[in-house]
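Below: the structure, in structure tokens.
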Amino acid sequence: MTPVGRQALVTTPAPVKRTFTLLAVHAHPDDESSGTGGLLRLAAEQGHTTVLVTCTNGDLGDVKDRRLRLQPREHPADRQCLAAVRHAELQKAAAILGVTHLYPLGYRDSGMQGWETNREPHAFAQAQVEDVAGQLVQIMRQHRPDVVVTYDENGGYGHPDHIMTHRVTMAALEAAADATRFPESGAPWQVRKVYYTAWARSDALRALKMMHLLRRKTCLRNPDFDPQSIGCPDELITTRVPVRPVLRTKWQALFTHRSQMHQFDFFWWFVRLRTMVVSVRIVSLRVQPVTPPRARIGRLCRTLNPPPSCPPAQKRCLSVTNMVC
Ligand SMILES: [Zn+2]
């Protein structure tokens, strides 16, 4: 009993910092830096666990570093060599971004949309969805990510490997939560939220216009160019993560992929300007939540799946914790 006149000792538990696990599934080495570099680094700096899966070895990438003298589309030996170069670049970039676990799956690059290599039997685009999903299920059940980030059903811009990455990730999300699927890969795990990376259309167009003003070659003067075909419609963007504090590190990781990056080429200008434009508003990454297939938790399902009459509200996430909640 507490004596009269003396206050009972009230103990306040020390605040426990809750951390989460973020899994990013990408198609090629360098996508992790250009698409989610800011997010991965921000998550790492906030103490979260970050897991990166890179599905292909990027062996058909456009070699911009002339010193390498590689022609992967013409010579199979060059293709192997480029795969090794890009693997080393990926490892360096992942370290810069503070990635905790890196899983390169090592599938062969399918090449750009329409290339003959799309149909090669060992191309990632020709892989069995079940086989790749099985590998992802094992990773998901081992690391139990709270959030998964990947591309939308169009792979962001139609690259066959990006589309395949979307397909296998969505298949794995469903299978990972199902105890009857891949029982040898551990206990089932339901990912809480799935986001798609997205380029807001307004930002993409603004970057193209700035490039045009700087007399860089763009698609703006192409008579077939449809401004409504580029990026993601702004009204579909649900979540914005300001990554300005880690922008320099993101650039450092991106330029680690030297084989793919020639200073002042289209990609360099476009990514740089887009980032500059959006960073003025302290916004650099957009992610879109979707309902995990067969979500079994009703409350979670309602949270993730608002009624169609209700347009998705834009949320400004100051931390990865906000992305989970
Ligand atoms: Zn890619």
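Following the order of the structure tokens, chains are lettered A, B, ..., residues in each are numbered from 1, and ligands are numbered from 1.
A distance cut-off of 7 Å from ligand 1, applied to only C-alpha atoms and all ligand atoms, picks out the residues Ala27, His28, Asp31 and His162 of chain A.
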Could you dump the residues just selected with N, CA and C atoms as a short mmCIF file (atom, residue, chain, number, x, y, z; two decimals), in the first residue's frame?
```
data_model
loop_
_atom_site.label_atom_id
_atom_site.label_comp_id
_atom_site.auth_asym_id
_atom_site.auth_seq_id
_atom_site.Cartn_x
_atom_site.Cartn_y
_atom_site.Cartn_z
N ALA A 27 14.02 -5.88 -61.56
CA ALA A 27 14.33 -6.71 -62.72
C ALA A 27 15.82 -6.77 -63.01
N HIS A 28 16.47 -5.59 -63.05
CA HIS A 28 17.88 -5.52 -63.48
C HIS A 28 18.73 -4.81 -62.43
N ASP A 31 18.14 -0.90 -61.41
CA ASP A 31 16.75 -0.52 -61.12
C ASP A 31 16.58 -0.19 -59.64
N HIS A 162 10.50 -6.39 -66.55
CA HIS A 162 9.79 -5.67 -65.47
C HIS A 162 8.37 -6.23 -65.32
#
```
With region 47-54 of chain A as the partner and 10 Å as the cut-off, tabulate the residues of region 73-122 of chain A that qualify, each row holding the nearest pair of atoms and their distance in Å to one decimal, using only C-alpha atoms, sorted by chain and rising number, as JSON lines.
```
{"residue": "A:His87", "atom": "CA", "partner": "A:Thr54", "partner_atom": "CA", "distance": 9.9}
{"residue": "A:Leu90", "atom": "CA", "partner": "A:Thr54", "partner_atom": "CA", "distance": 8.9}
{"residue": "A:Ala94", "atom": "CA", "partner": "A:Leu52", "partner_atom": "CA", "distance": 8.1}
{"residue": "A:Leu97", "atom": "CA", "partner": "A:Thr50", "partner_atom": "CA", "distance": 9.4}
{"residue": "A:Gly98", "atom": "CA", "partner": "A:Thr50", "partner_atom": "CA", "distance": 7.7}
{"residue": "A:Val99", "atom": "CA", "partner": "A:Thr50", "partner_atom": "CA", "distance": 5.2}
{"residue": "A:Thr100", "atom": "CA", "partner": "A:Thr50", "partner_atom": "CA", "distance": 5.2}
{"residue": "A:His101", "atom": "CA", "partner": "A:Val51", "partner_atom": "CA", "distance": 4.7}
{"residue": "A:Leu102", "atom": "CA", "partner": "A:Leu52", "partner_atom": "CA", "distance": 4.9}
{"residue": "A:Tyr103", "atom": "CA", "partner": "A:Val53", "partner_atom": "CA", "distance": 4.7}
{"residue": "A:Pro104", "atom": "CA", "partner": "A:Thr54", "partner_atom": "CA", "distance": 4.7}
{"residue": "A:Leu105", "atom": "CA", "partner": "A:Thr54", "partner_atom": "CA", "distance": 6.1}
{"residue": "A:Gly106", "atom": "CA", "partner": "A:Thr54", "partner_atom": "CA", "distance": 7.8}
{"residue": "A:Tyr107", "atom": "CA", "partner": "A:Thr54", "partner_atom": "CA", "distance": 9.0}
```
Pro29 (chain A): which residues within 10 Å, counting only C-alpha atoms, same-chain residues fewer than 3 positions away excluded, as a PyMOL selection string? chain A and resi 26+32-34+53-59+61+83+86-91+93-94+104+254+257+260
Can you pull out every residue from region 8-212 of chain A that DSSP, working from the backbone, puts in alpha helix (DSSP H), and format the result as a PDB file with C-alpha atoms, in the first residue's frame?
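To be explicit, this is the file written out as out_38.pdb:
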```pdb
ATOM      1  CA  ASP A  31      16.753  -0.519 -61.118  1.00  0.00           C
ATOM      2  CA  GLU A  32      17.205  -0.665 -57.340  1.00  0.00           C
ATOM      3  CA  SER A  33      19.061   2.668 -57.468  1.00  0.00           C
ATOM      4  CA  SER A  34      17.056   4.520 -60.122  1.00  0.00           C
ATOM      5  CA  GLY A  35      13.653   3.305 -58.906  1.00  0.00           C
ATOM      6  CA  THR A  36      13.927   2.837 -55.151  1.00  0.00           C
ATOM      7  CA  GLY A  37      17.427   4.042 -54.216  1.00  0.00           C
ATOM      8  CA  GLY A  38      16.115   6.868 -52.053  1.00  0.00           C
ATOM      9  CA  LEU A  39      13.582   4.661 -50.332  1.00  0.00           C
ATOM     10  CA  LEU A  40      16.068   1.857 -49.614  1.00  0.00           C
ATOM     11  CA  ARG A  41      18.633   4.257 -48.175  1.00  0.00           C
ATOM     12  CA  LEU A  42      16.018   6.123 -46.138  1.00  0.00           C
ATOM     13  CA  ALA A  43      14.742   2.824 -44.731  1.00  0.00           C
ATOM     14  CA  ALA A  44      18.281   1.758 -43.841  1.00  0.00           C
ATOM     15  CA  GLU A  45      18.979   5.083 -42.097  1.00  0.00           C
ATOM     16  CA  PRO A  76      27.739 -14.406 -76.201  1.00  0.00           C
ATOM     17  CA  ALA A  77      31.104 -14.125 -74.408  1.00  0.00           C
ATOM     18  CA  ASP A  78      30.561 -10.364 -74.024  1.00  0.00           C
ATOM     19  CA  ARG A  79      27.162 -11.075 -72.584  1.00  0.00           C
ATOM     20  CA  GLN A  80      28.691 -13.248 -69.870  1.00  0.00           C
ATOM     21  CA  CYS A  81      31.314 -10.627 -69.198  1.00  0.00           C
ATOM     22  CA  LEU A  82      28.709  -7.878 -68.864  1.00  0.00           C
ATOM     23  CA  ALA A  83      26.753 -10.043 -66.402  1.00  0.00           C
ATOM     24  CA  ALA A  84      29.855 -10.246 -64.192  1.00  0.00           C
ATOM     25  CA  VAL A  85      30.501  -6.484 -64.471  1.00  0.00           C
ATOM     26  CA  ARG A  86      26.912  -5.678 -63.561  1.00  0.00           C
ATOM     27  CA  HIS A  87      26.886  -8.110 -60.647  1.00  0.00           C
ATOM     28  CA  ALA A  88      29.866  -6.280 -59.150  1.00  0.00           C
ATOM     29  CA  GLU A  89      28.140  -2.916 -59.753  1.00  0.00           C
ATOM     30  CA  LEU A  90      24.985  -4.204 -58.072  1.00  0.00           C
ATOM     31  CA  GLN A  91      26.885  -5.344 -55.003  1.00  0.00           C
ATOM     32  CA  LYS A  92      28.547  -1.936 -54.646  1.00  0.00           C
ATOM     33  CA  ALA A  93      25.295  -0.037 -55.129  1.00  0.00           C
ATOM     34  CA  ALA A  94      23.479  -2.254 -52.613  1.00  0.00           C
ATOM     35  CA  ALA A  95      26.214  -1.582 -50.050  1.00  0.00           C
ATOM     36  CA  ILE A  96      25.923   2.194 -50.633  1.00  0.00           C
ATOM     37  CA  VAL A 129       6.175 -18.129 -62.982  1.00  0.00           C
ATOM     38  CA  GLU A 130       5.826 -20.930 -60.433  1.00  0.00           C
ATOM     39  CA  ASP A 131       9.598 -21.534 -60.369  1.00  0.00           C
ATOM     40  CA  VAL A 132      10.513 -17.901 -59.753  1.00  0.00           C
ATOM     41  CA  ALA A 133       7.628 -17.397 -57.328  1.00  0.00           C
ATOM     42  CA  GLY A 134       8.872 -20.406 -55.346  1.00  0.00           C
ATOM     43  CA  GLN A 135      12.225 -18.679 -54.818  1.00  0.00           C
ATOM     44  CA  LEU A 136      10.523 -15.464 -53.770  1.00  0.00           C
ATOM     45  CA  VAL A 137       8.233 -17.331 -51.373  1.00  0.00           C
ATOM     46  CA  GLN A 138      11.285 -18.718 -49.619  1.00  0.00           C
ATOM     47  CA  ILE A 139      12.754 -15.214 -49.274  1.00  0.00           C
ATOM     48  CA  MET A 140       9.413 -13.761 -48.088  1.00  0.00           C
ATOM     49  CA  ARG A 141       8.906 -16.468 -45.486  1.00  0.00           C
ATOM     50  CA  GLN A 142      12.474 -16.152 -44.262  1.00  0.00           C
ATOM     51  CA  HIS A 143      12.509 -12.352 -43.917  1.00  0.00           C
ATOM     52  CA  PRO A 160       9.346  -7.653 -70.555  1.00  0.00           C
ATOM     53  CA  ASP A 161      11.569  -8.323 -67.519  1.00  0.00           C
ATOM     54  CA  HIS A 162       9.790  -5.670 -65.472  1.00  0.00           C
ATOM     55  CA  ILE A 163       6.402  -7.114 -66.415  1.00  0.00           C
ATOM     56  CA  MET A 164       7.639 -10.581 -65.465  1.00  0.00           C
ATOM     57  CA  THR A 165       8.968  -9.212 -62.168  1.00  0.00           C
ATOM     58  CA  HIS A 166       5.481  -7.908 -61.395  1.00  0.00           C
ATOM     59  CA  ARG A 167       3.897 -11.270 -62.278  1.00  0.00           C
ATOM     60  CA  VAL A 168       6.235 -13.401 -60.180  1.00  0.00           C
ATOM     61  CA  THR A 169       6.085 -11.015 -57.218  1.00  0.00           C
ATOM     62  CA  MET A 170       2.287 -10.984 -57.168  1.00  0.00           C
ATOM     63  CA  ALA A 171       2.223 -14.788 -57.521  1.00  0.00           C
ATOM     64  CA  ALA A 172       4.714 -15.128 -54.657  1.00  0.00           C
ATOM     65  CA  LEU A 173       2.739 -12.777 -52.394  1.00  0.00           C
ATOM     66  CA  GLU A 174      -0.296 -14.999 -52.775  1.00  0.00           C
ATOM     67  CA  ALA A 175       1.637 -18.241 -52.381  1.00  0.00           C
ATOM     68  CA  ALA A 176       3.649 -17.016 -49.368  1.00  0.00           C
ATOM     69  CA  ARG A 201       2.948  12.018 -65.217  1.00  0.00           C
ATOM     70  CA  SER A 202       3.193  15.719 -64.386  1.00  0.00           C
ATOM     71  CA  ASP A 203       6.763  15.342 -63.097  1.00  0.00           C
ATOM     72  CA  ALA A 204       7.855  13.196 -66.054  1.00  0.00           C
ATOM     73  CA  LEU A 205       6.475  15.744 -68.534  1.00  0.00           C
ATOM     74  CA  ARG A 206       8.077  18.635 -66.665  1.00  0.00           C
ATOM     75  CA  ALA A 207      11.461  16.892 -66.809  1.00  0.00           C
ATOM     76  CA  LEU A 208      11.064  16.316 -70.570  1.00  0.00           C
ATOM     77  CA  LYS A 209      10.203  19.990 -71.097  1.00  0.00           C
ATOM     78  CA  MET A 210      13.261  21.083 -69.149  1.00  0.00           C
ATOM     79  CA  MET A 211      15.417  18.759 -71.248  1.00  0.00           C
ATOM     80  CA  HIS A 212      13.888  20.296 -74.354  1.00  0.00           C
TER      81      HIS A 212
END
```
